[in-house]
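Undergrad: Handing you this structure, nothing more for now.
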Amino acid sequence: MKYIFYFSIFFVSGNIISQTPGKIKFQKNSNLIYFFSKNSTTDSVVKSKSDVFYLVVPDSLKRFVTVYVENGKLLKTTNDSLVRLNYMPGLKYESQYVINEMPDSGTKGFKKVFDLISLIDGPSSYQKNRILVKIINKKEEKVVIENVFLYRE
């Protein structure tokens, strides 16, 4: 009887003092923009080897994002998150997302799809063997990412 009494006191005090496990909640951040090389960890762009980059922009920001490239041009690929950085010495390009309406195969309506276009923005005064990539959020009027890459063939 004495052992049962001590056991019950030990059990009750253990439950009172013990902590309940906390819950960890993760929230998806839709304000992050990513631009990084697919194959290389260096700051060099080599033609046909390390000229493919990930450009990940959330749909909520695509209307407000503009990418300025000096001595280069962003070319879209079949994947909407991959772009090819094409070396174009002496030229400046501006890339932005535009909304295209595509026919939806499941319904009779149209589906809005963002498409990346690049337009020439004039001559570049930047060094010939360097490519400057500047991503700007026009809604907040600030530079989000600015990278300089060395070009090699």
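So you can find residues: chains in the structure tokens are A, B, ... in the order shown, residues in each start at 1, and ligands are numbered from 1 in order.
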Just the residues within 7 Å of Tyr34 (chain A), please, counting only C-alpha atoms, with nothing from its chain fewer than 5 positions along; format it as a list in words.
TA: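 Once the nearby chain positions are removed, what remains is Leu55, Val56 and Val57 of chain A.
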Undergrad: Convert the current residue selection to file output with all heavy atoms, as a PDB file, in the first residue's frame.
TA:
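Result went into part00.pdb, see below:
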ATOM      1  N   LEU A  55      15.850  31.099 -61.994  1.00  0.00           N
ATOM      2  CA  LEU A  55      15.208  32.365 -61.683  1.00  0.00           C
ATOM      3  C   LEU A  55      13.821  32.014 -61.149  1.00  0.00           C
ATOM      4  O   LEU A  55      12.917  31.681 -61.914  1.00  0.00           O
ATOM      5  CB  LEU A  55      15.095  33.268 -62.912  1.00  0.00           C
ATOM      6  CG  LEU A  55      14.366  34.593 -62.712  1.00  0.00           C
ATOM      7  CD1 LEU A  55      15.072  35.459 -61.674  1.00  0.00           C
ATOM      8  CD2 LEU A  55      14.237  35.338 -64.023  1.00  0.00           C
ATOM      9  N   VAL A  56      13.698  32.063 -59.835  1.00  0.00           N
ATOM     10  CA  VAL A  56      12.447  31.675 -59.186  1.00  0.00           C
ATOM     11  C   VAL A  56      11.802  32.931 -58.614  1.00  0.00           C
ATOM     12  O   VAL A  56      12.349  33.564 -57.702  1.00  0.00           O
ATOM     13  CB  VAL A  56      12.698  30.637 -58.070  1.00  0.00           C
ATOM     14  CG1 VAL A  56      11.393  30.234 -57.418  1.00  0.00           C
ATOM     15  CG2 VAL A  56      13.433  29.424 -58.623  1.00  0.00           C
ATOM     16  N   VAL A  57      10.654  33.274 -59.182  1.00  0.00           N
ATOM     17  CA  VAL A  57       9.899  34.447 -58.753  1.00  0.00           C
ATOM     18  C   VAL A  57       8.468  33.981 -58.467  1.00  0.00           C
ATOM     19  O   VAL A  57       7.847  33.352 -59.323  1.00  0.00           O
ATOM     20  CB  VAL A  57       9.887  35.542 -59.844  1.00  0.00           C
ATOM     21  CG1 VAL A  57       9.101  36.753 -59.387  1.00  0.00           C
ATOM     22  CG2 VAL A  57      11.291  35.931 -60.229  1.00  0.00           C
TER      23      VAL A  57
END
Undergrad: With a distance cut-off of 9 Å and only C-alpha atoms, select the neighbouring residues of region 35-49 of chain A, excluding the residue or stretch itself and same-chain residues fewer than 4 positions from it, and output the selection as a list in words.
TA: Phe53, Tyr54, Leu55, Val56, Val57, Leu82, Leu85, Asn86, Tyr87, Arg130, Ile131, Ile135, Ile145, Asn147, Val148, Phe149, Leu150, Tyr151, Arg152 and Glu153 of chain A
Undergrad: Quick one, how far is CA of Ile33 (chain A) from CA of Leu116 (chain A)?
TA: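 Computed distance, CA of Ile33 (chain A) to CA of Leu116 (chain A), equals 14.9 Å.
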Undergrad: Pull the strand (DSSP E or B) assignments for chain A out of DSSP run on the backbone, and list those residues as number ranges by chain.
TA: A: 34-37, 44-46, 52-56, 65-76, 82-103, 110-123, 130-137, 142-152
Undergrad: What is the CA of Asn100 (chain A)-CA of Ile117 (chain A) distance in Å, reported with one decimal?
TA: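 The value is 11.2 Å.
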